[in-house]
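Visitor: Dropping in final-v7.csv, which is CSV, C-alpha atoms:
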chain,number,residue,atom,x,y,z
A,1,MET,CA,-69.6,-27.0,-6.2
A,2,SER,CA,-69.6,-26.5,-2.4
A,3,ALA,CA,-66.6,-24.6,-1.0
A,4,LYS,CA,-66.5,-27.3,1.8
A,5,LEU,CA,-65.8,-30.2,-0.6
A,6,PRO,CA,-62.0,-29.6,-0.9
A,7,VAL,CA,-61.8,-29.2,2.9
A,8,PHE,CA,-63.7,-32.5,3.4
A,9,ILE,CA,-61.4,-34.4,1.0
A,10,HIS,CA,-58.3,-32.7,2.5
A,11,VAL,CA,-59.3,-33.9,6.0
A,12,LEU,CA,-60.4,-37.3,4.8
A,13,THR,CA,-57.1,-37.9,2.9
A,14,ALA,CA,-55.1,-36.7,5.9
A,15,THR,CA,-56.7,-39.4,8.1
A,16,LEU,CA,-56.1,-42.0,5.3
A,17,LEU,CA,-52.4,-40.9,5.1
A,18,PHE,CA,-52.1,-41.2,8.9
A,19,GLY,CA,-53.8,-44.6,8.9
A,20,ALA,CA,-51.5,-45.9,6.1
A,21,VAL,CA,-48.3,-44.6,7.6
A,22,LEU,CA,-49.4,-46.0,11.0
A,23,THR,CA,-50.0,-49.4,9.4
A,24,ALA,CA,-46.5,-49.3,7.9
A,25,LEU,CA,-45.0,-48.4,11.3
A,26,ILE,CA,-46.8,-51.2,13.1
A,27,LEU,CA,-46.0,-53.8,10.4
A,28,SER,CA,-42.3,-52.8,10.3
A,29,ARG,CA,-42.1,-53.1,14.1
A,30,ALA,CA,-43.8,-56.6,13.9
A,31,GLY,CA,-41.6,-57.6,11.0
A,32,THR,CA,-38.4,-56.6,12.9
A,33,SER,CA,-39.2,-58.8,15.9
A,34,GLY,CA,-41.5,-61.6,14.6
A,35,LYS,CA,-42.1,-64.3,12.0
A,36,HIS,CA,-43.2,-63.6,8.4
A,37,PRO,CA,-40.8,-60.8,7.5
A,38,GLU,CA,-41.6,-61.4,3.8
A,39,LEU,CA,-45.3,-60.9,4.3
A,40,PHE,CA,-44.9,-57.8,6.5
A,41,ALA,CA,-42.4,-56.3,4.1
A,42,ARG,CA,-44.8,-56.7,1.2
A,43,ALA,CA,-47.8,-55.4,3.2
A,44,THR,CA,-45.7,-52.4,4.4
A,45,PHE,CA,-44.7,-51.5,0.9
A,46,ARG,CA,-48.2,-51.8,-0.4
A,47,SER,CA,-49.6,-49.7,2.4
A,48,LEU,CA,-47.2,-46.9,1.7
A,49,LEU,CA,-47.2,-47.0,-2.1
A,50,LEU,CA,-50.9,-47.7,-2.8
A,51,VAL,CA,-52.5,-45.8,0.1
A,52,ALA,CA,-50.1,-43.3,1.8
A,53,LEU,CA,-48.6,-41.7,-1.4
A,54,PRO,CA,-51.9,-41.2,-3.3
A,55,SER,CA,-53.4,-39.8,0.0
A,56,TRP,CA,-50.5,-37.4,0.3
A,57,LEU,CA,-51.0,-36.2,-3.2
A,58,LEU,CA,-54.7,-35.6,-2.8
A,59,LEU,CA,-54.1,-34.0,0.6
A,60,VAL,CA,-51.9,-31.3,-1.0
A,61,VAL,CA,-54.1,-30.8,-4.1
A,62,PHE,CA,-57.3,-30.4,-2.1
A,63,GLY,CA,-55.6,-28.4,0.7
A,64,THR,CA,-54.4,-25.9,-1.9
A,65,TRP,CA,-57.8,-25.8,-3.5
A,66,ALA,CA,-59.5,-25.3,-0.1
A,67,GLN,CA,-57.1,-22.4,0.6
A,68,HIS,CA,-58.1,-20.6,-2.6
A,69,LYS,CA,-61.8,-21.4,-2.2
A,70,GLU,CA,-61.9,-20.0,1.3
A,71,ASP,CA,-59.5,-17.1,0.5
A,72,VAL,CA,-57.1,-17.9,3.3
A,73,PRO,CA,-54.1,-15.6,3.0
A,74,ASN,CA,-50.6,-17.2,2.6
A,75,THR,CA,-49.5,-15.1,5.5
A,76,GLU,CA,-51.5,-17.0,8.2
A,77,ARG,CA,-49.0,-18.6,10.6
A,78,TRP,CA,-50.9,-21.8,11.1
A,79,LEU,CA,-51.2,-22.3,7.3
A,80,LYS,CA,-47.5,-21.6,6.8
A,81,ILE,CA,-46.5,-24.1,9.5
A,82,GLY,CA,-49.0,-26.8,8.4
A,83,ALA,CA,-48.3,-26.5,4.7
A,84,SER,CA,-44.5,-26.6,5.2
A,85,LEU,CA,-44.9,-29.7,7.4
A,86,GLY,CA,-47.2,-31.3,4.9
A,87,THR,CA,-45.1,-30.7,1.8
A,88,GLY,CA,-41.6,-30.4,3.4
A,89,THR,CA,-41.7,-33.9,4.9
A,90,VAL,CA,-42.6,-35.7,1.7
A,91,LEU,CA,-39.0,-36.6,1.3
A,92,VAL,CA,-39.3,-38.6,4.6
A,93,LEU,CA,-42.4,-40.4,3.1
A,94,LEU,CA,-40.6,-41.1,-0.1
A,95,ALA,CA,-37.6,-42.4,1.8
A,96,ALA,CA,-39.9,-44.7,3.8
A,97,VAL,CA,-41.3,-46.1,0.5
A,98,GLY,CA,-37.8,-46.6,-0.7
A,99,ALA,CA,-36.8,-48.4,2.5
A,100,ALA,CA,-40.0,-50.5,2.3
A,101,TYR,CA,-39.1,-51.5,-1.3
A,102,ALA,CA,-35.5,-52.4,-0.1
A,103,TRP,CA,-37.1,-54.5,2.7
A,104,THR,CA,-39.2,-56.5,0.1
A,105,LYS,CA,-36.0,-57.3,-1.7
A,106,ALA,CA,-34.2,-58.4,1.5
A,107,PRO,CA,-36.9,-59.3,4.1
A,108,ARG,CA,-34.3,-60.5,6.6
A,109,GLY,CA,-31.9,-57.7,6.0
A,110,PRO,CA,-30.4,-56.0,9.0
A,111,TRP,CA,-31.5,-52.4,8.5
A,112,GLN,CA,-34.4,-52.2,6.1
A,113,SER,CA,-37.3,-52.8,8.5
A,114,ARG,CA,-35.7,-50.6,11.2
A,115,ALA,CA,-35.3,-47.8,8.6
A,116,VAL,CA,-39.0,-48.0,7.7
A,117,MET,CA,-39.9,-48.0,11.4
A,118,PHE,CA,-37.8,-44.9,12.1
A,119,LEU,CA,-38.9,-43.0,9.0
A,120,THR,CA,-42.7,-43.7,9.4
A,121,LEU,CA,-42.4,-42.8,13.1
A,122,ALA,CA,-40.8,-39.5,12.2
A,123,TYR,CA,-43.4,-38.8,9.5
A,124,ILE,CA,-46.3,-39.5,12.0
A,125,VAL,CA,-44.8,-37.0,14.4
A,126,ALA,CA,-44.6,-34.3,11.7
A,127,LEU,CA,-48.2,-35.2,10.5
A,128,ALA,CA,-49.5,-34.9,14.1
A,129,ALA,CA,-47.8,-31.5,14.5
A,130,ALA,CA,-49.4,-30.4,11.2
A,131,TRP,CA,-52.9,-31.5,12.2
A,132,TRP,CA,-52.5,-29.9,15.6
A,133,VAL,CA,-51.4,-26.5,14.2
A,134,MET,CA,-54.1,-26.6,11.4
A,135,SER,CA,-56.9,-27.4,13.8
A,136,ALA,CA,-56.0,-25.3,16.8
A,137,LYS,CA,-54.8,-22.4,14.5
A,138,PRO,CA,-52.8,-20.7,17.3
A,139,GLY,CA,-52.3,-17.0,16.8
A,140,SER,CA,-55.1,-16.6,14.2
B,1,MET,CA,-60.9,-19.1,27.2
B,2,ILE,CA,-59.8,-18.9,23.5
B,3,VAL,CA,-56.7,-21.0,24.3
B,4,ALA,CA,-58.9,-23.7,26.1
B,5,TYR,CA,-61.2,-23.8,23.0
B,6,GLU,CA,-58.3,-24.2,20.7
B,7,TRP,CA,-56.9,-27.1,22.8
B,8,MET,CA,-60.3,-28.8,22.9
B,9,LEU,CA,-60.7,-28.4,19.1
B,10,ALA,CA,-57.2,-29.8,18.5
B,11,LEU,CA,-57.9,-32.8,20.8
B,12,HIS,CA,-61.2,-33.4,19.1
B,13,VAL,CA,-59.5,-33.5,15.7
B,14,THR,CA,-56.8,-35.8,17.2
B,15,GLY,CA,-59.6,-38.1,18.3
B,16,ALA,CA,-61.0,-38.1,14.7
B,17,PHE,CA,-57.5,-39.0,13.4
B,18,LEU,CA,-57.2,-41.9,15.9
B,19,PHE,CA,-60.8,-43.0,15.1
B,20,LEU,CA,-60.4,-42.9,11.3
B,21,GLY,CA,-56.7,-43.9,11.3
B,22,GLY,CA,-57.4,-47.0,13.4
B,23,GLY,CA,-60.2,-47.9,11.0
B,24,VAL,CA,-57.8,-47.5,8.0
B,25,LEU,CA,-55.2,-49.7,9.8
B,26,ALA,CA,-57.8,-52.5,10.4
B,27,ALA,CA,-59.1,-52.2,6.8
B,28,ILE,CA,-55.6,-52.3,5.1
B,29,VAL,CA,-54.5,-55.3,7.2
B,30,SER,CA,-57.8,-57.1,6.6
B,31,VAL,CA,-57.6,-56.6,2.8
B,32,ILE,CA,-54.1,-58.0,2.8
B,33,ALA,CA,-55.2,-60.9,5.0
B,34,ARG,CA,-57.9,-61.8,2.4
B,35,GLY,CA,-55.1,-62.3,-0.2
B,36,GLN,CA,-53.3,-64.9,1.9
B,37,THR,CA,-53.9,-68.6,2.0
B,38,LYS,CA,-51.6,-69.8,4.9
B,39,PRO,CA,-53.5,-69.7,8.2
B,40,SER,CA,-50.3,-68.6,10.1
B,41,GLU,CA,-49.9,-65.5,7.8
B,42,ILE,CA,-53.6,-64.7,8.1
B,43,ALA,CA,-53.4,-65.0,11.9
B,44,ALA,CA,-50.3,-62.8,12.0
B,45,LEU,CA,-52.1,-60.0,10.0
B,46,LEU,CA,-55.3,-60.3,12.0
B,47,ARG,CA,-53.3,-59.9,15.3
B,48,ILE,CA,-51.9,-56.6,13.8
B,49,ALA,CA,-55.5,-55.6,13.1
B,50,ARG,CA,-56.3,-55.9,16.9
B,51,ILE,CA,-54.1,-52.9,17.5
B,52,ALA,CA,-56.8,-50.8,15.8
B,53,VAL,CA,-59.3,-51.6,18.6
B,54,PRO,CA,-57.7,-49.3,21.3
B,55,LEU,CA,-56.9,-46.6,18.7
B,56,VAL,CA,-60.5,-46.5,17.5
B,57,GLY,CA,-61.8,-46.7,21.1
B,58,VAL,CA,-59.6,-43.8,22.4
B,59,GLY,CA,-60.5,-41.8,19.2
B,60,ALA,CA,-64.2,-42.5,19.6
B,61,ILE,CA,-64.2,-41.3,23.2
B,62,LEU,CA,-62.1,-38.2,22.5
B,63,THR,CA,-64.3,-37.2,19.6
B,64,LEU,CA,-67.5,-37.6,21.6
B,65,THR,CA,-66.4,-36.1,24.9
B,66,LEU,CA,-64.5,-33.2,23.3
B,67,GLY,CA,-67.4,-32.7,20.9
B,68,PHE,CA,-69.8,-32.2,23.9
B,69,ALA,CA,-67.2,-30.0,25.5
B,70,LEU,CA,-67.0,-27.8,22.4
B,71,VAL,CA,-70.8,-27.5,22.2
B,72,GLY,CA,-71.0,-26.6,25.9
B,73,HIS,CA,-68.0,-24.2,25.7
B,74,GLY,CA,-69.3,-21.6,23.3
B,75,HIS,CA,-72.4,-20.3,21.6
B,76,GLU,CA,-71.3,-21.3,18.1
B,77,PHE,CA,-72.9,-24.8,18.2
B,78,ARG,CA,-76.0,-26.2,19.9
B,79,LEU,CA,-76.6,-29.8,21.0
B,80,SER,CA,-80.1,-29.6,19.6
B,81,ALA,CA,-78.8,-28.7,16.1
B,82,PRO,CA,-79.9,-31.5,13.7
B,83,TRP,CA,-76.4,-32.1,12.3
B,84,VAL,CA,-75.0,-32.5,15.9
B,85,LEU,CA,-77.9,-35.0,16.8
B,86,LEU,CA,-77.4,-36.9,13.6
B,87,ALA,CA,-73.7,-37.1,14.2
B,88,ILE,CA,-74.3,-38.6,17.7
B,89,ILE,CA,-76.8,-41.1,16.3
B,90,LEU,CA,-74.3,-42.1,13.5
B,91,TRP,CA,-71.5,-42.4,16.1
B,92,ILE,CA,-73.6,-44.8,18.2
B,93,ALA,CA,-74.5,-46.8,15.0
B,94,ALA,CA,-70.8,-46.9,13.8
B,95,MET,CA,-69.7,-48.2,17.2
B,96,ALA,CA,-72.4,-50.9,17.2
B,97,LEU,CA,-71.5,-52.1,13.7
B,98,GLY,CA,-67.8,-52.0,14.5
B,99,GLY,CA,-68.4,-54.0,17.7
B,100,ILE,CA,-70.4,-56.7,15.9
B,101,GLY,CA,-67.9,-56.8,13.0
B,102,GLY,CA,-65.0,-56.9,15.5
B,103,LYS,CA,-66.5,-60.0,17.2
B,104,ALA,CA,-66.6,-61.8,13.9
B,105,ASP,CA,-63.0,-60.8,13.1
B,106,ARG,CA,-61.9,-62.2,16.5
B,107,GLU,CA,-63.6,-65.6,15.7
B,108,THR,CA,-61.8,-65.6,12.3
B,109,ARG,CA,-58.4,-64.9,13.9
B,110,GLN,CA,-59.0,-67.6,16.5
B,111,LEU,CA,-59.8,-70.1,13.7
B,112,ALA,CA,-56.7,-69.0,11.8
B,113,GLU,CA,-54.5,-69.5,14.9
B,114,ARG,CA,-56.0,-73.0,15.5
B,115,LEU,CA,-55.4,-74.0,11.9
B,116,ALA,CA,-51.9,-72.6,12.0
B,117,SER,CA,-51.1,-74.9,15.0
B,118,GLU,CA,-52.7,-77.9,13.3
B,119,GLY,CA,-50.4,-78.1,10.2
B,120,ASP,CA,-50.9,-74.6,8.7
B,121,GLN,CA,-52.7,-75.8,5.5
B,122,PRO,CA,-55.1,-73.6,3.5
B,123,SER,CA,-58.7,-73.9,4.6
B,124,ALA,CA,-61.9,-73.3,2.7
B,125,GLU,CA,-63.7,-72.5,6.0
B,126,LEU,CA,-61.1,-69.8,6.8
B,127,SER,CA,-61.2,-68.4,3.3
B,128,ALA,CA,-65.1,-68.2,3.5
B,129,ARG,CA,-65.0,-66.5,6.8
B,130,LEU,CA,-62.5,-63.9,5.5
B,131,ARG,CA,-64.9,-63.1,2.6
B,132,ASN,CA,-68.2,-63.4,4.6
B,133,PRO,CA,-70.4,-60.7,3.0
B,134,LYS,CA,-72.2,-60.0,6.3
B,135,ASN,CA,-68.9,-59.2,8.0
B,136,LEU,CA,-67.7,-57.1,5.1
B,137,ILE,CA,-70.9,-55.1,5.2
B,138,LEU,CA,-70.6,-54.6,8.9
B,139,SER,CA,-67.0,-53.3,8.8
B,140,ARG,CA,-67.5,-51.2,5.6
B,141,GLY,CA,-70.8,-49.9,6.9
B,142,SER,CA,-69.1,-48.7,10.1
B,143,GLY,CA,-66.4,-46.9,8.0
B,144,VAL,CA,-69.0,-45.3,5.8
B,145,LEU,CA,-70.9,-44.0,8.8
B,146,VAL,CA,-67.7,-42.4,10.2
B,147,ILE,CA,-67.0,-40.7,6.9
B,148,ILE,CA,-70.6,-39.3,6.9
B,149,ILE,CA,-69.9,-38.0,10.5
B,150,LEU,CA,-66.8,-36.3,9.1
B,151,ALA,CA,-68.8,-34.8,6.3
B,152,LEU,CA,-71.4,-33.4,8.9
B,153,MET,CA,-68.5,-31.9,10.9
B,154,VAL,CA,-67.2,-30.1,7.8
B,155,TRP,CA,-70.5,-28.9,6.3
B,156,LYS,CA,-72.5,-28.4,9.5
B,157,PRO,CA,-75.8,-28.4,7.5
B,158,GLY,CA,-78.4,-26.0,8.9
B,159,GLN,CA,-75.8,-24.2,11.1
What would you get if you wrote out this structure as structure tokens?
Guide:
Amino acid sequence: MSAKLPVFIHVLTATLLFGAVLTALILSRAGTSGKHPELFARATFRSLLLVALPSWLLLVVFGTWAQHKEDVPNTERWLKIGASLGTGTVLVLLAAVGAAYAWTKAPRGPWQSRAVMFLTLAYIVALAAAWWVMSAKPGS
Amino acid sequence: MIVAYEWMLALHVTGAFLFLGGGVLAAIVSVIARGQTKPSEIAALLRIARIAVPLVGVGAILTLTLGFALVGHGHEFRLSAPWVLLAIILWIAAMALGGIGGKADRETRQLAERLASEGDQPSAELSARLRNPKNLILSRGSGVLVIIILALMVWKPGQ
């Protein structure tokens, strides 16, 4: 099997993860200020649970596989920063899924959609930092 | 010079994230819209999908311009390399398919908004438009082409 396959799936799932979390951010913003909070809450939860979480899992699995296939040492600074951002922020992603679930249970609740909005925004910032470091590879 | 190349590469990748991420946003919202029956809900979701247009547009421009800049900056890649030429052709085809599909999506959203203001009752016409096979082929085809471009960027066949 080509050594490039894990890299390809790693990058593809990273873009899927970004798209799904971005969708949740925009839906939670719209649900906070507009009509149809029940619909937006359900859509946000599905986007995070069915697209973002599986994408994160594949991202980590294929990222680790790519590292071994291409013999990238663990000591590379860009890899340490990118990997720690990718795996270390999973708690933020899980918290966003939890907040989205709470939002589906109380679509007009005072804090749920705002919590999803804040957590997804924070996750996107971390993800952007990770893709920047892993593509520019500063110091390598 | 190395720093400039690193920045261009990171911006090129950022463009790819916006290009693909915007497509994912449009796809997720469209799939959820197909599961709804009330025109007001379908219209609300398709309005969200519109946000993908500037994201995909900015991403597409960044990937292309920074891609040309990367080719011109170093000696690693040549514009005449078959995989680079194929990626450019597929980029144009993806933009064309996305543009035609986007026009159909806009007409569907306008129909949903009109139906929502006229009683908000489920409509067979709106349902058929959401599931129009031609529109689905256009949007999915555009997505598949972008994924093939990503594969070309990773494998660089013939490089």
Visitor: Take atom CA of B:Pro39 and atom CA of B:Arg109 and report the distance between them in Å, one decimal.
Guide: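 Computing it gives 8.9 Å between the two atoms.
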Visitor: With only C-alpha atoms as the basis for distance, which of B:Ala60, B:Arg131, B:Ala151, B:Ser142 is at the shortest distance from B:Gly35?
Guide: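 Result for the nearest residue to B:Gly35: B:Arg131.
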Visitor: Need the shell around A:Trp131: protein/DNA/RNA residues with any atom at most 9 Å away, counting all atoms listed in the file. Skip same-chain ones fewer than 2 positions apart. Format as number ranges by chain?
Guide: A: 14, 82, 126-129, 133-136; B: 10, 13-14, 17
Visitor: Please, which residues in chain B fall within 10 Å of chain A when counting only C-alpha atoms, and what is the closest atom pair and distance in Å to one decimal for each, ordered by chain then residue number, as CSV?
Guide:
residue,atom,partner,partner_atom,distance
B:Ile2,CA,A:Pro138,CA,9.5
B:Val3,CA,A:Pro138,CA,8.0
B:Ala4,CA,A:Ala136,CA,9.9
B:Tyr5,CA,A:Ala136,CA,8.2
B:Glu6,CA,A:Ala136,CA,4.7
B:Trp7,CA,A:Ala136,CA,6.3
B:Met8,CA,A:Ala136,CA,8.2
B:Leu9,CA,A:Ala136,CA,6.1
B:Ala10,CA,A:Ala136,CA,5.0
B:Leu11,CA,A:Trp132,CA,8.0
B:His12,CA,A:Ser135,CA,9.1
B:Val13,CA,A:Ser135,CA,6.9
B:Thr14,CA,A:Trp132,CA,7.5
B:Ala16,CA,A:Thr15,CA,8.0
B:Phe17,CA,A:Thr15,CA,5.4
B:Leu18,CA,A:Thr15,CA,8.2
B:Phe19,CA,A:Thr15,CA,8.9
B:Leu20,CA,A:Thr15,CA,6.0
B:Gly21,CA,A:Gly19,CA,3.8
B:Gly22,CA,A:Gly19,CA,6.2
B:Gly23,CA,A:Gly19,CA,7.5
B:Val24,CA,A:Gly19,CA,5.0
B:Leu25,CA,A:Thr23,CA,5.2
B:Ala26,CA,A:Thr23,CA,8.5
B:Ala27,CA,A:Gly19,CA,9.5
B:Ile28,CA,A:Ser47,CA,7.1
B:Val29,CA,A:Thr23,CA,7.7
B:Val31,CA,A:Ala43,CA,9.9
B:Ile32,CA,A:Ala43,CA,6.8
B:Ala33,CA,A:Ala43,CA,9.4
B:Gln36,CA,A:Leu39,CA,9.3
B:Ser40,CA,A:His36,CA,8.8
B:Glu41,CA,A:His36,CA,7.0
B:Ile42,CA,A:Leu39,CA,9.9
B:Ala44,CA,A:His36,CA,8.0
B:Leu45,CA,A:Phe40,CA,8.3
B:Ile48,CA,A:Leu27,CA,7.4
B:Ala49,CA,A:Thr23,CA,9.1
B:Ile51,CA,A:Ile26,CA,8.7
B:Ala52,CA,A:Thr23,CA,9.4
B:Ile147,CA,A:Leu12,CA,7.7
B:Leu150,CA,A:Phe8,CA,7.5
B:Ala151,CA,A:Phe8,CA,6.3
B:Leu152,CA,A:Phe8,CA,9.5
B:Met153,CA,A:Phe8,CA,8.9
B:Val154,CA,A:Phe8,CA,6.1
B:Trp155,CA,A:Lys4,CA,6.2
B:Lys156,CA,A:Lys4,CA,9.8
Visitor: Find, counting only C-alpha atoms, the residue in A:Asn74, A:Tyr123, A:Gly98, A:His10 that gets nearest to A:Leu57.
Guide: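 Smallest separation from A:Leu57 among the options: A:His10.
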Visitor: Would you mind reading off the distance between atom CA of A:Phe62 and atom CA of B:Ile137, one decimal, in Å?
Guide: 29.1 Å
Visitor: So the first atom is atom CA of A:Val60 and the second is atom CA of A:Thr13; what is the distance between them in Å, to one decimal place?
Guide: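 These two atoms are separated by 9.3 Å.
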Visitor: So, counting only C-alpha atoms, which residue among B:Gly15, B:Lys103, B:Leu126, B:Gln159 is closest to B:Leu66?
Guide: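 For B:Leu66, the nearest of the given residues is B:Gly15.
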Visitor: Between A:Thr75, A:Ala100, A:Pro37, A:Gly86, which residue has the minimum interatomic distance to A:Val61, considering all atoms listed in the file?
Guide: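 Closest to A:Val61 of all the choices is A:Gly86.
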Visitor: Could you pull the residues within 10 Å of stretch 111-120 of chain B, counting all atoms listed in the file, minus those fewer than 3 positions along the same chain, as a PyMOL selection string?
Guide: chain B and resi 37-44+46-47+105-108+123+125-127+129-130
Visitor: Give the answer as one residue: which of B:Ser30, B:Ser80, B:Thr63, B:Asn135 has the shortest atom-to-atom distance to B:Ala104, using all atoms listed in the file?
Guide: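 Counting all atoms listed in the file, the residue closest to B:Ala104 is B:Asn135.
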Visitor: Taking 6 positions as the minimum chain separation for residues in the same chain, which residues sit within 7 Å of stretch 89-98 of chain B when counting only C-alpha atoms? Answer as JSON, numbers by chain.
Guide: {"B": [138, 139, 142, 145, 146, 149]}
Visitor: Neighbouring residues of A:Leu93 were defined as those with any atom within 8 Å, considering all atoms listed in the file; residues of the same chain fewer than 6 positions away were excluded. Please report them as number ranges by chain.
Guide: A: 53, 119-120, 123
Visitor: Please write a file for stretch 21-36 of chain A, taken from the block I just shared, that holds N, CA and C atoms and is laid out as a short mmCIF file (atom, residue, chain, number, x, y, z; two decimals), in the first residue's frame.
Guide:
data_model
loop_
_atom_site.label_atom_id
_atom_site.label_comp_id
_atom_site.auth_asym_id
_atom_site.auth_seq_id
_atom_site.Cartn_x
_atom_site.Cartn_y
_atom_site.Cartn_z
N VAL A 21 -17.13 21.05 12.32
CA VAL A 21 -17.12 21.93 13.49
C VAL A 21 -17.55 23.34 13.09
N LEU A 22 -17.14 23.76 11.89
CA LEU A 22 -17.56 25.07 11.37
C LEU A 22 -19.09 25.10 11.19
N THR A 23 -19.65 24.00 10.69
CA THR A 23 -21.11 23.89 10.53
C THR A 23 -21.79 24.05 11.90
N ALA A 24 -21.24 23.37 12.91
CA ALA A 24 -21.82 23.46 14.25
C ALA A 24 -21.72 24.88 14.80
N LEU A 25 -20.60 25.54 14.53
CA LEU A 25 -20.42 26.93 14.99
C LEU A 25 -21.49 27.84 14.36
N ILE A 26 -21.66 27.72 13.05
CA ILE A 26 -22.60 28.60 12.33
C ILE A 26 -24.05 28.28 12.74
N LEU A 27 -24.37 26.98 12.88
CA LEU A 27 -25.73 26.60 13.29
C LEU A 27 -26.03 27.08 14.71
N SER A 28 -25.04 26.98 15.61
CA SER A 28 -25.29 27.42 17.00
C SER A 28 -25.45 28.93 17.06
N ARG A 29 -24.71 29.65 16.21
CA ARG A 29 -24.85 31.11 16.14
C ARG A 29 -26.26 31.45 15.62
N ALA A 30 -26.68 30.76 14.59
CA ALA A 30 -28.01 31.02 14.01
C ALA A 30 -29.11 30.62 14.99
N GLY A 31 -28.89 29.52 15.72
CA GLY A 31 -29.88 29.05 16.68
C GLY A 31 -30.02 29.95 17.88
N THR A 32 -28.95 30.69 18.19
CA THR A 32 -28.98 31.60 19.33
C THR A 32 -29.85 32.82 19.03
N SER A 33 -29.75 33.27 17.77
CA SER A 33 -30.39 34.55 17.46
C SER A 33 -31.66 34.43 16.63
N GLY A 34 -31.91 33.26 16.03
CA GLY A 34 -33.02 33.18 15.09
C GLY A 34 -34.14 32.25 15.51
N LYS A 35 -34.98 31.92 14.51
CA LYS A 35 -36.07 30.97 14.73
C LYS A 35 -35.51 29.55 14.65
N HIS A 36 -36.38 28.57 14.83
CA HIS A 36 -36.05 27.16 14.67
C HIS A 36 -34.91 26.66 15.56
#
